[in-house]
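Source file: final.cif; contents: mmCIF, C-alpha atoms.
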```cif
data_run
loop_
_atom_site.group_PDB
_atom_site.id
_atom_site.type_symbol
_atom_site.label_atom_id
_atom_site.label_comp_id
_atom_site.auth_asym_id
_atom_site.auth_seq_id
_atom_site.Cartn_x
_atom_site.Cartn_y
_atom_site.Cartn_z
ATOM 1 C CA MET A 512 -15.107 -4.336 -15.645
ATOM 2 C CA THR A 513 -17.898 -2.675 -17.580
ATOM 3 C CA ASP A 514 -17.287 1.020 -16.994
ATOM 4 C CA ASP A 515 -18.494 3.234 -19.806
ATOM 5 C CA VAL A 516 -15.264 5.193 -20.144
ATOM 6 C CA ARG A 517 -13.558 6.843 -23.084
ATOM 7 C CA PRO A 518 -10.049 8.218 -23.448
ATOM 8 C CA GLY A 519 -9.359 11.504 -21.724
ATOM 9 C CA SER A 520 -5.749 12.531 -21.259
ATOM 10 C CA ILE A 521 -4.821 8.831 -21.382
ATOM 11 C CA GLY A 522 -5.734 6.087 -23.824
ATOM 12 C CA ARG A 523 -6.020 8.254 -26.911
ATOM 13 C CA GLY A 524 -6.121 6.177 -30.057
ATOM 14 C CA GLU A 525 -7.083 3.189 -27.875
ATOM 15 C CA PRO A 526 -3.667 1.482 -28.109
ATOM 16 C CA LEU A 527 -4.907 -1.505 -26.084
ATOM 17 C CA GLU A 528 -7.840 -2.295 -28.375
ATOM 18 C CA GLY A 529 -8.044 -6.078 -28.732
ATOM 19 C CA ALA A 530 -6.247 -6.751 -25.457
ATOM 20 C CA ARG A 531 -7.901 -8.880 -22.790
ATOM 21 C CA LEU A 532 -6.235 -7.924 -19.525
ATOM 22 C CA THR A 533 -6.814 -9.216 -16.014
ATOM 23 C CA VAL A 534 -6.134 -6.772 -13.189
ATOM 24 C CA THR A 535 -5.609 -7.959 -9.635
ATOM 25 C CA SER A 536 -4.990 -6.491 -6.166
ATOM 26 C CA LYS A 537 -4.865 -7.389 -2.499
ATOM 27 C CA GLU A 538 -8.005 -7.099 -0.396
ATOM 28 C CA PHE A 539 -7.575 -3.851 1.575
ATOM 29 C CA THR A 540 -9.125 -0.518 0.636
ATOM 30 C CA GLU A 541 -6.165 1.193 -1.016
ATOM 31 C CA GLN A 542 -5.424 -1.870 -3.108
ATOM 32 C CA LEU A 543 -9.042 -2.169 -4.239
ATOM 33 C CA ILE A 544 -8.958 1.479 -5.322
ATOM 34 C CA LEU A 545 -5.604 1.123 -7.103
ATOM 35 C CA GLY A 546 -6.760 -2.041 -8.859
ATOM 36 C CA ALA A 547 -9.863 -0.265 -10.074
ATOM 37 C CA ILE A 548 -7.821 2.750 -11.224
ATOM 38 C CA MET A 549 -5.573 0.463 -13.276
ATOM 39 C CA GLY A 550 -8.505 -1.403 -14.802
ATOM 40 C CA ILE A 551 -10.325 1.812 -15.704
ATOM 41 C CA ALA A 552 -7.178 3.162 -17.380
ATOM 42 C CA PHE A 553 -6.838 0.006 -19.474
ATOM 43 C CA GLN A 554 -10.523 0.140 -20.433
ATOM 44 C CA ALA A 555 -10.188 3.737 -21.613
ATOM 45 C CA ALA A 556 -7.306 2.583 -23.829
ATOM 46 C CA GLY A 557 -9.556 -0.016 -25.466
ATOM 47 C CA ALA A 558 -8.863 -3.191 -23.468
ATOM 48 C CA ASP A 559 -11.419 -5.672 -22.188
ATOM 49 C CA VAL A 560 -10.609 -5.933 -18.489
ATOM 50 C CA LEU A 561 -11.328 -8.785 -16.101
ATOM 51 C CA ASP A 562 -11.535 -7.682 -12.467
ATOM 52 C CA ARG A 563 -9.714 -10.045 -10.095
ATOM 53 C CA THR A 564 -9.086 -7.460 -7.395
ATOM 54 C CA GLY A 565 -9.417 -8.318 -3.720
ATOM 55 C CA ILE A 566 -7.210 -11.410 -3.392
ATOM 56 C CA GLN A 567 -6.450 -12.092 0.272
ATOM 57 C CA GLY A 568 -2.893 -11.575 1.472
ATOM 58 C CA SER A 569 0.158 -10.396 -0.450
ATOM 59 C CA ILE A 570 1.347 -13.623 -2.024
ATOM 60 C CA GLY A 571 -1.843 -14.492 -3.916
ATOM 61 C CA SER A 572 -2.033 -11.446 -6.163
ATOM 62 C CA ARG A 573 1.693 -11.542 -6.936
ATOM 63 C CA GLU A 574 1.561 -15.211 -7.842
ATOM 64 C CA ALA A 575 -1.405 -14.547 -10.119
ATOM 65 C CA VAL A 576 0.630 -12.016 -12.128
ATOM 66 C CA LYS A 577 3.764 -14.154 -12.006
ATOM 67 C CA LYS A 578 1.980 -17.254 -13.329
ATOM 68 C CA GLY A 579 -0.047 -15.379 -15.918
ATOM 69 C CA ASP A 580 -3.413 -15.862 -14.219
ATOM 70 C CA ALA A 581 -3.495 -12.069 -14.023
ATOM 71 C CA ASP A 582 -1.595 -9.479 -16.030
ATOM 72 C CA ALA A 583 -0.952 -6.473 -13.802
ATOM 73 C CA GLN A 584 -1.361 -4.971 -10.342
ATOM 74 C CA PHE A 585 -0.126 -2.122 -8.175
ATOM 75 C CA GLU A 586 2.465 -3.489 -5.747
ATOM 76 C CA TYR A 587 4.703 -1.842 -3.152
ATOM 77 C CA THR A 588 8.473 -1.627 -3.514
ATOM 78 C CA GLY A 589 9.165 -2.512 0.135
ATOM 79 C CA THR A 590 6.966 -5.594 -0.069
ATOM 80 C CA GLY A 591 8.773 -6.683 -3.212
ATOM 81 C CA TRP A 592 12.224 -6.199 -1.732
ATOM 82 C CA ILE A 593 11.640 -7.711 1.714
ATOM 83 C CA THR A 594 8.738 -10.156 1.469
ATOM 84 C CA TYR A 595 9.109 -11.542 -2.050
ATOM 85 C CA LEU A 596 12.815 -11.211 -2.763
ATOM 86 C CA GLY A 597 13.915 -12.144 0.760
ATOM 87 C CA ASN A 598 16.125 -9.202 1.672
ATOM 88 C CA SER A 599 16.411 -8.358 5.347
ATOM 89 C CA LYS A 600 17.292 -4.669 5.074
ATOM 90 C CA PRO A 601 15.429 -2.001 3.104
ATOM 91 C CA ILE A 602 17.270 0.454 0.877
ATOM 92 C CA PRO A 603 16.788 3.927 2.431
ATOM 93 C CA ASP A 604 16.612 5.810 -0.892
ATOM 94 C CA PRO A 605 13.149 5.159 -2.407
ATOM 95 C CA ARG A 606 14.354 5.440 -6.014
ATOM 96 C CA LYS A 607 17.229 3.030 -5.438
ATOM 97 C CA GLN A 608 14.819 0.710 -3.643
ATOM 98 C CA TRP A 609 12.622 0.619 -6.766
ATOM 99 C CA GLU A 610 15.623 0.145 -9.079
ATOM 100 C CA ALA A 611 16.840 -2.803 -7.006
ATOM 101 C CA VAL A 612 13.412 -4.476 -6.960
ATOM 102 C CA ARG A 613 12.958 -3.902 -10.683
ATOM 103 C CA ALA A 614 16.346 -5.432 -11.537
ATOM 104 C CA ALA A 615 15.885 -8.422 -9.248
ATOM 105 C CA ASP A 616 12.322 -9.248 -10.265
ATOM 106 C CA LEU A 617 12.938 -9.313 -14.014
ATOM 107 C CA LYS A 618 14.182 -12.888 -13.647
ATOM 108 C CA ASN A 619 10.778 -13.781 -12.183
ATOM 109 C CA GLY A 620 9.020 -12.594 -15.326
ATOM 110 C CA LEU A 621 7.762 -9.396 -13.700
ATOM 111 C CA THR A 622 8.396 -5.814 -14.812
ATOM 112 C CA TRP A 623 8.133 -2.949 -12.334
ATOM 113 C CA LEU A 624 7.147 0.213 -14.198
ATOM 114 C CA PRO A 625 8.050 3.687 -12.827
ATOM 115 C CA PRO A 626 6.848 4.160 -9.225
ATOM 116 C CA SER A 627 4.433 6.639 -7.690
ATOM 117 C CA ARG A 628 5.157 8.997 -4.799
ATOM 118 C CA LEU A 629 2.454 7.175 -2.830
ATOM 119 C CA ASP A 630 4.510 5.642 0.005
ATOM 120 C CA ASN A 631 2.245 3.498 2.144
ATOM 121 C CA THR A 632 4.546 2.407 4.914
ATOM 122 C CA TYR A 633 3.795 1.067 8.366
ATOM 123 C CA ALA A 634 3.530 3.127 11.545
ATOM 124 C CA LEU A 635 2.271 2.872 15.097
ATOM 125 C CA ALA A 636 -0.428 5.305 16.190
ATOM 126 C CA MET A 637 -2.281 6.093 19.415
ATOM 127 C CA ASN A 638 -5.363 8.058 20.341
ATOM 128 C CA ARG A 639 -5.171 11.577 21.726
ATOM 129 C CA ALA A 640 -5.922 10.536 25.331
ATOM 130 C CA ASN A 641 -3.098 7.994 25.405
ATOM 131 C CA PHE A 642 -0.792 10.524 23.772
ATOM 132 C CA GLU A 643 -1.558 13.003 26.558
ATOM 133 C CA LYS A 644 -0.846 10.239 29.101
ATOM 134 C CA TYR A 645 2.380 8.779 27.701
ATOM 135 C CA ARG A 646 3.711 11.587 25.468
ATOM 136 C CA THR A 647 5.593 9.324 23.075
ATOM 137 C CA THR A 648 6.299 10.741 19.643
ATOM 138 C CA THR A 649 8.882 8.292 18.257
ATOM 139 C CA LEU A 650 9.323 4.514 18.167
ATOM 140 C CA THR A 651 12.479 4.942 20.257
ATOM 141 C CA GLU A 652 10.302 6.468 22.991
ATOM 142 C CA VAL A 653 7.776 3.636 22.641
ATOM 143 C CA ALA A 654 10.629 1.155 23.133
ATOM 144 C CA ALA A 655 11.784 3.037 26.231
ATOM 145 C CA LEU A 656 8.229 2.955 27.599
ATOM 146 C CA SER A 657 8.008 -0.796 26.958
ATOM 147 C CA ARG A 658 11.123 -1.321 29.088
ATOM 148 C CA LYS A 659 10.082 1.092 31.826
ATOM 149 C CA ASP A 660 6.415 0.073 32.032
ATOM 150 C CA PRO A 661 5.809 -3.166 30.053
ATOM 151 C CA GLY A 662 2.093 -3.143 30.768
ATOM 152 C CA ALA A 663 1.678 0.282 29.164
ATOM 153 C CA VAL A 664 2.547 -0.900 25.659
ATOM 154 C CA THR A 665 -0.287 -2.954 24.228
ATOM 155 C CA LEU A 666 -0.452 -3.450 20.477
ATOM 156 C CA CYS A 667 -3.238 -4.084 17.989
ATOM 157 C CA VAL A 668 -1.773 -5.481 14.760
ATOM 158 C CA GLU A 669 -2.850 -7.560 11.777
ATOM 159 C CA GLY A 670 -1.630 -11.128 11.413
ATOM 160 C CA GLU A 671 0.697 -10.413 8.515
ATOM 161 C CA PHE A 672 2.439 -7.540 10.332
ATOM 162 C CA ALA A 673 2.845 -9.724 13.421
ATOM 163 C CA ASN A 674 4.963 -12.215 11.483
ATOM 164 C CA ARG A 675 6.712 -10.298 8.691
ATOM 165 C CA ALA A 676 10.414 -9.455 8.836
ATOM 166 C CA ASP A 677 9.531 -5.870 7.937
ATOM 167 C CA GLY A 678 6.775 -5.854 10.576
ATOM 168 C CA LEU A 679 6.623 -6.366 14.327
ATOM 169 C CA PRO A 680 9.552 -8.830 14.782
ATOM 170 C CA GLY A 681 11.931 -6.583 12.852
ATOM 171 C CA MET A 682 10.675 -3.417 14.527
ATOM 172 C CA GLU A 683 11.182 -4.915 17.988
ATOM 173 C CA LYS A 684 14.719 -5.967 17.082
ATOM 174 C CA ALA A 685 15.639 -2.617 15.523
ATOM 175 C CA TYR A 686 14.390 -0.607 18.490
ATOM 176 C CA GLY A 687 15.303 -2.999 21.300
ATOM 177 C CA MET A 688 11.636 -3.375 22.066
ATOM 178 C CA SER A 689 10.232 -6.498 23.718
ATOM 179 C CA VAL A 690 6.457 -6.574 23.910
ATOM 180 C CA PRO A 691 5.081 -9.646 25.731
ATOM 181 C CA ALA A 692 2.965 -11.879 23.501
ATOM 182 C CA GLY A 693 0.030 -11.315 25.822
ATOM 183 C CA ASN A 694 0.157 -7.593 25.045
ATOM 184 C CA VAL A 695 -0.204 -8.148 21.282
ATOM 185 C CA THR A 696 -3.672 -8.676 19.818
ATOM 186 C CA GLN A 697 -4.075 -9.662 16.178
ATOM 187 C CA MET A 698 -7.117 -8.439 14.268
ATOM 188 C CA ASP A 699 -8.312 -7.293 10.846
ATOM 189 C CA THR A 700 -6.898 -4.015 9.576
ATOM 190 C CA GLY A 701 -10.108 -2.018 9.783
ATOM 191 C CA ILE A 702 -10.814 -2.999 13.389
ATOM 192 C CA ILE A 703 -7.382 -1.778 14.500
ATOM 193 C CA TYR A 704 -8.303 1.859 13.884
ATOM 194 C CA THR A 705 -11.519 1.710 15.930
ATOM 195 C CA GLN A 706 -9.799 -0.183 18.757
ATOM 196 C CA VAL A 707 -6.970 2.349 18.926
ATOM 197 C CA ALA A 708 -9.407 5.261 18.728
ATOM 198 C CA LYS A 709 -11.317 4.008 21.765
ATOM 199 C CA GLY A 710 -8.136 3.057 23.637
ATOM 200 C CA ALA A 711 -8.567 -0.715 23.692
ATOM 201 C CA CYS A 712 -4.860 -0.892 22.863
ATOM 202 C CA THR A 713 -2.275 1.800 23.417
ATOM 203 C CA TYR A 714 -0.756 1.545 19.962
ATOM 204 C CA GLY A 715 -2.069 0.182 16.700
ATOM 205 C CA GLU A 716 -0.401 -0.705 13.439
ATOM 206 C CA VAL A 717 -1.557 1.766 10.797
ATOM 207 C CA PHE A 718 -0.737 2.586 7.208
ATOM 208 C CA THR A 719 0.546 6.098 6.606
ATOM 209 C CA THR A 720 -1.837 6.699 3.695
ATOM 210 C CA ASP A 721 -4.975 5.670 5.601
ATOM 211 C CA GLY A 722 -7.703 8.313 5.735
ATOM 212 C CA ARG A 723 -8.816 7.183 9.199
ATOM 213 C CA ILE A 724 -5.670 8.577 10.845
ATOM 214 C CA LYS A 725 -6.924 12.116 10.308
ATOM 215 C CA SER A 726 -10.632 11.431 10.768
ATOM 216 C CA MET A 727 -10.039 9.645 14.108
ATOM 217 C CA ASN A 728 -7.461 12.187 15.296
ATOM 218 C CA LEU A 729 -4.746 9.575 15.853
ATOM 219 C CA VAL A 730 -1.139 10.480 16.663
ATOM 220 C CA VAL A 731 1.460 8.701 14.529
ATOM 221 C CA MET A 732 4.820 7.716 15.998
ATOM 222 C CA GLU A 733 7.882 8.758 14.013
ATOM 223 C CA ASP A 734 10.027 5.897 12.703
ATOM 224 C CA ASP A 735 13.149 7.746 13.864
ATOM 225 C CA LYS A 736 15.541 4.913 12.964
ATOM 226 C CA GLN A 737 13.962 4.547 9.515
ATOM 227 C CA PHE A 738 13.339 0.859 10.050
ATOM 228 C CA PHE A 739 10.298 0.478 7.881
ATOM 229 C CA PRO A 740 10.965 0.199 4.148
ATOM 230 C CA HIS A 741 9.585 2.573 1.554
ATOM 231 C CA TYR A 742 6.419 1.147 0.072
ATOM 232 C CA ASN A 743 5.963 3.121 -3.126
ATOM 233 C CA ALA A 744 2.939 1.888 -5.070
ATOM 234 C CA THR A 745 4.154 0.738 -8.483
ATOM 235 C CA PRO A 746 2.499 -0.923 -11.483
ATOM 236 C CA VAL A 747 3.846 -4.463 -11.894
ATOM 237 C CA VAL A 748 3.139 -6.219 -15.181
ATOM 238 C CA ASN A 749 3.758 -9.756 -16.383
ATOM 239 C CA THR A 750 6.776 -9.224 -18.670
ATOM 240 C CA ALA A 751 5.447 -11.415 -21.487
ATOM 241 C CA VAL A 752 2.189 -9.444 -21.481
ATOM 242 C CA LEU A 753 4.081 -6.142 -21.508
ATOM 243 C CA LYS A 754 6.084 -7.299 -24.537
ATOM 244 C CA LYS A 755 2.847 -8.138 -26.331
ATOM 245 C CA TRP A 756 1.141 -4.907 -25.261
ATOM 246 C CA PRO A 757 3.919 -2.348 -24.665
ATOM 247 C CA ALA A 758 1.363 0.478 -24.681
ATOM 248 C CA ILE A 759 0.417 -0.578 -21.134
ATOM 249 C CA ALA A 760 3.369 1.421 -19.802
ATOM 250 C CA GLY A 761 2.385 4.651 -21.491
ATOM 251 C CA VAL A 762 -1.259 4.302 -20.502
ATOM 252 C CA ILE A 763 -0.678 3.832 -16.781
ATOM 253 C CA ASP A 764 2.356 6.117 -16.283
ATOM 254 C CA PRO A 765 0.517 9.502 -16.123
ATOM 255 C CA VAL A 766 -1.878 8.033 -13.578
ATOM 256 C CA THR A 767 0.967 6.629 -11.472
ATOM 257 C CA ARG A 768 2.718 10.011 -11.465
ATOM 258 C CA LYS A 769 -0.396 11.651 -9.997
ATOM 259 C CA LEU A 770 -0.584 9.300 -7.011
ATOM 260 C CA ASP A 771 0.844 10.506 -3.700
ATOM 261 C CA ASN A 772 0.016 10.163 0.003
ATOM 262 C CA THR A 773 -2.435 13.067 -0.012
ATOM 263 C CA VAL A 774 -4.393 11.565 -2.896
ATOM 264 C CA ALA A 775 -4.336 8.166 -1.205
ATOM 265 C CA GLN A 776 -5.550 9.480 2.152
ATOM 266 C CA THR A 777 -8.387 11.345 0.453
ATOM 267 C CA LEU A 778 -9.519 8.379 -1.644
ATOM 268 C CA ASN A 779 -9.096 5.868 1.179
ATOM 269 C CA ALA A 780 -11.170 8.055 3.514
ATOM 270 C CA LYS A 781 -14.045 8.116 1.025
ATOM 271 C CA VAL A 782 -14.266 4.346 1.450
ATOM 272 C CA ASP A 783 -13.245 3.771 5.067
ATOM 273 C CA VAL A 784 -14.835 6.866 6.603
ATOM 274 C CA ASP A 785 -17.667 7.807 4.245
ATOM 275 C CA GLY A 786 -18.610 4.269 3.232
ATOM 276 C CA GLU A 787 -18.333 4.760 -0.530
ATOM 277 C CA ASP A 788 -17.602 1.931 -2.987
ATOM 278 C CA PRO A 789 -13.872 1.582 -3.858
ATOM 279 C CA HIS A 790 -14.527 1.147 -7.584
ATOM 280 C CA GLN A 791 -16.774 4.199 -7.728
ATOM 281 C CA VAL A 792 -14.211 6.243 -5.802
ATOM 282 C CA ALA A 793 -11.575 5.230 -8.363
ATOM 283 C CA LEU A 794 -13.854 6.055 -11.293
ATOM 284 C CA ASP A 795 -14.827 9.453 -9.881
ATOM 285 C CA TRP A 796 -11.158 10.352 -9.356
ATOM 286 C CA MET A 797 -10.128 9.225 -12.839
ATOM 287 C CA LYS A 798 -12.854 11.406 -14.335
ATOM 288 C CA ALA A 799 -12.132 14.376 -12.044
ATOM 289 C CA GLU A 800 -8.450 14.278 -13.062
ATOM 290 C CA GLY A 801 -9.430 14.155 -16.728
ATOM 291 C CA PHE A 802 -7.726 10.820 -17.346
ATOM 292 C CA VAL A 803 -10.959 9.340 -18.711
ATOM 293 C CA LYS A 804 -14.332 10.631 -19.831
#
```

Conversion result in structure tokens:
Amino acid sequence: MTDDVRPGSIGRGEPLEGARLTVTSKEFTEQLILGAIMGIAFQAAGADVLDRTGIQGSIGSREAVKKGDADAQFEYTGTGWITYLGNSKPIPDPRKQWEAVRAADLKNGLTWLPPSRLDNTYALAMNRANFEKYRTTTLTEVAALSRKDPGAVTLCVEGEFANRADGLPGMEKAYGMSVPAGNVTQMDTGIIYTQVAKGACTYGEVFTTDGRIKSMNLVVMEDDKQFFPHYNATPVVNTAVLKKWPAIAGVIDPVTRKLDNTVAQTLNAKVDVDGEDPHQVALDWMKAEGFVK
């Protein structure tokens, strides 16, 4: 990263001067923005930052930090607890969820710093016309519809959601929902929103912080049994790197505390709706908030 940034409210005294830090992320919009935000914060604090954002899938970026090929990323507490640590049930309290992930992952050489309020969990959404037709507002009602009229419930989902324990298989089990395989179409995340908006599938898997929900006037189904875990975005740092550069925690914490779903929806929409560059969106926000100059 070669942003010409100086300390604002963070990074004063450049406590990371001399550090060479590699920042990573997954490949979807929010992750690209969060990865850029983290890298920009480290640059303002004096670090030289290598940008390895945009790694496909969840496992790749985590393994990079775990093995030391990268130093830090923003990860989600629910993903840590279910996907990486192998637990089958989420912890309903978001703070306790983070505490449990933090404690369990220390043995893997990873330190979870304090979490943000940004909670990017899964949901199903439908367009306004299908909402007027079927009038479902909760996942319990979607399950009832799938039993009453199996052909009515068609799903557009991404491949990872289709196979994850905290995705479609778990949701179907929790709600007593059985959607025939022929009614489930797997596709890239971005295409799901356009397909749902035009009614190609009745329901699509969405992320609750996605800016396209509002811009496309989609109706989100309530997870009334609280099946989906909390996915609070949290800085995760290679523990050995954090011991060498403990100032990392203090640099990123004020930024993390500013992140919530409203911020995420706004920033994500700038990329997914307005077509802006994720890194530029991150830089503009960091400057607007006064974190960097």

Starting from the point (-8.1, 3.4, -30.6), work out which residues of protein, DNA or RNA have an atom no more than 12 Å away when counting all atoms listed in the file; state them as a ChimeraX atom specification.
-> /A:517-518,521-530,553-558,758

Residue among A:Gly715, A:Gly568, A:Pro691, A:Gly670 lying closest to Leu635 (chain A), counting all atoms listed in the file =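 Of all the options, A:Gly715 lies closest to Leu635 (chain A).
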
May I ask which of the residues A:Gln697, A:Thr773, A:Thr540, A:Asn638 is the closest one to Val792 (chain A), counting all atoms listed in the file?
->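 Once distances to Val792 (chain A) are computed over all atoms listed in the file, the minimum belongs to A:Thr540.
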
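Nearest residue to Ala640 (chain A), choosing from A:Ala711, A:Leu545, A:Val766, A:Trp796 and counting only C-alpha atoms: A:Ala711.
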
Would you write out, as a PyMOL selection string, every residue that the PyMOL selection byres ((chain A and resi 682) around 12) captures in this file?
-> chain A and resi 599-600+633-635+650-651+653-654+672-681+683-690+716+734-740

Please provide the set of residues having any atom within 9 Å of region 698-706 of chain A, restricted to all atoms listed in the file, with same-chain residues fewer than 6 positions apart removed, written as a PDB file with C-alpha atoms, keeping the file's coordinate frame.
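Done, and the output landed in out27.pdb:
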```pdb
ATOM      1  CA  PHE A 539      -7.575  -3.851   1.575  1.00  0.00           C
ATOM      2  CA  ALA A 636      -0.428   5.305  16.190  1.00  0.00           C
ATOM      3  CA  CYS A 667      -3.238  -4.084  17.989  1.00  0.00           C
ATOM      4  CA  VAL A 668      -1.773  -5.481  14.760  1.00  0.00           C
ATOM      5  CA  GLU A 669      -2.850  -7.560  11.777  1.00  0.00           C
ATOM      6  CA  GLY A 670      -1.630 -11.128  11.413  1.00  0.00           C
ATOM      7  CA  CYS A 712      -4.860  -0.892  22.863  1.00  0.00           C
ATOM      8  CA  GLY A 715      -2.069   0.182  16.700  1.00  0.00           C
ATOM      9  CA  GLU A 716      -0.401  -0.705  13.439  1.00  0.00           C
ATOM     10  CA  VAL A 717      -1.557   1.766  10.797  1.00  0.00           C
ATOM     11  CA  ARG A 723      -8.816   7.183   9.199  1.00  0.00           C
ATOM     12  CA  ILE A 724      -5.670   8.577  10.845  1.00  0.00           C
ATOM     13  CA  MET A 727     -10.039   9.645  14.108  1.00  0.00           C
ATOM     14  CA  LEU A 729      -4.746   9.575  15.853  1.00  0.00           C
ATOM     15  CA  ASP A 783     -13.245   3.771   5.067  1.00  0.00           C
TER      16      ASP A 783
END
```

Put a box with edges along x, y and z around all the listed atoms of region 518-524 of chain A, pad it by 5 Å on each side, then give me its centre and sizes in Å, one decimal, as JSON.
```
{"center_x": -7.4, "center_y": 9.3, "center_z": -25.7, "size_x": 15.2, "size_y": 16.4, "size_z": 18.8}
```

Result set of the PyMOL selection byres ((chain A and resi 663) around 10) on the coordinates above, as a ChimeraX atom specification | /A:641,645,653,656-662,664-666,690,694,712-714

Please return, as a PyMOL selection string, all polymer residues that have at least one atom within 12 Å of the point (15.4, -0.8, -0.8); use only C-alpha atoms and the file's own coordinate frame.
-> chain A and resi 587-594+596-615+677+737-743

Generate a file of the selected residues that holds C-alpha atoms, formatted as a PDB file, keeping the file's coordinate frame.
```pdb
ATOM      1  CA  TYR A 587       4.703  -1.842  -3.152  1.00  0.00           C
ATOM      2  CA  THR A 588       8.473  -1.627  -3.514  1.00  0.00           C
ATOM      3  CA  GLY A 589       9.165  -2.512   0.135  1.00  0.00           C
ATOM      4  CA  THR A 590       6.966  -5.594  -0.069  1.00  0.00           C
ATOM      5  CA  GLY A 591       8.773  -6.683  -3.212  1.00  0.00           C
ATOM      6  CA  TRP A 592      12.224  -6.199  -1.732  1.00  0.00           C
ATOM      7  CA  ILE A 593      11.640  -7.711   1.714  1.00  0.00           C
ATOM      8  CA  THR A 594       8.738 -10.156   1.469  1.00  0.00           C
ATOM      9  CA  LEU A 596      12.815 -11.211  -2.763  1.00  0.00           C
ATOM     10  CA  GLY A 597      13.915 -12.144   0.760  1.00  0.00           C
ATOM     11  CA  ASN A 598      16.125  -9.202   1.672  1.00  0.00           C
ATOM     12  CA  SER A 599      16.411  -8.358   5.347  1.00  0.00           C
ATOM     13  CA  LYS A 600      17.292  -4.669   5.074  1.00  0.00           C
ATOM     14  CA  PRO A 601      15.429  -2.001   3.104  1.00  0.00           C
ATOM     15  CA  ILE A 602      17.270   0.454   0.877  1.00  0.00           C
ATOM     16  CA  PRO A 603      16.788   3.927   2.431  1.00  0.00           C
ATOM     17  CA  ASP A 604      16.612   5.810  -0.892  1.00  0.00           C
ATOM     18  CA  PRO A 605      13.149   5.159  -2.407  1.00  0.00           C
ATOM     19  CA  ARG A 606      14.354   5.440  -6.014  1.00  0.00           C
ATOM     20  CA  LYS A 607      17.229   3.030  -5.438  1.00  0.00           C
ATOM     21  CA  GLN A 608      14.819   0.710  -3.643  1.00  0.00           C
ATOM     22  CA  TRP A 609      12.622   0.619  -6.766  1.00  0.00           C
ATOM     23  CA  GLU A 610      15.623   0.145  -9.079  1.00  0.00           C
ATOM     24  CA  ALA A 611      16.840  -2.803  -7.006  1.00  0.00           C
ATOM     25  CA  VAL A 612      13.412  -4.476  -6.960  1.00  0.00           C
ATOM     26  CA  ARG A 613      12.958  -3.902 -10.683  1.00  0.00           C
ATOM     27  CA  ALA A 614      16.346  -5.432 -11.537  1.00  0.00           C
ATOM     28  CA  ALA A 615      15.885  -8.422  -9.248  1.00  0.00           C
ATOM     29  CA  ASP A 677       9.531  -5.870   7.937  1.00  0.00           C
ATOM     30  CA  GLN A 737      13.962   4.547   9.515  1.00  0.00           C
ATOM     31  CA  PHE A 738      13.339   0.859  10.050  1.00  0.00           C
ATOM     32  CA  PHE A 739      10.298   0.478   7.881  1.00  0.00           C
ATOM     33  CA  PRO A 740      10.965   0.199   4.148  1.00  0.00           C
ATOM     34  CA  HIS A 741       9.585   2.573   1.554  1.00  0.00           C
ATOM     35  CA  TYR A 742       6.419   1.147   0.072  1.00  0.00           C
ATOM     36  CA  ASN A 743       5.963   3.121  -3.126  1.00  0.00           C
TER      37      ASN A 743
END
```

Written as a list in words, what is the full residue list that the PyMOL selection byres ((chain A and resi 549) around 8) yields on the file shown?
-> Val534, Leu545, Gly546, Ala547, Ile548, Gly550, Ile551, Ala552, Phe553, Gln584, Phe585 and Ile763 of chain A

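With CA of Ala760 (chain A) on one side and CA of Leu624 (chain A) on the other, the separation reads 6.9 Å.
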
In terms of the shortest atom-to-atom distance over all atoms listed in the file, which of A:Thr533, A:Pro626, A:Asp515, A:Tyr595 is closest to Ala575 (chain A)?
-> A:Thr533

Could you work out how far CA of Leu543 (chain A) lies from CA of Phe718 (chain A), giving the answer in Å with one decimal?
->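 Calculated distance between CA of Phe718 (chain A) and CA of Leu543 (chain A) is 14.9 Å.
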
Pairwise distance for CA of Asp559 (chain A) and CA of Asp788 (chain A), rounded to one decimal in Å = 21.6 Å
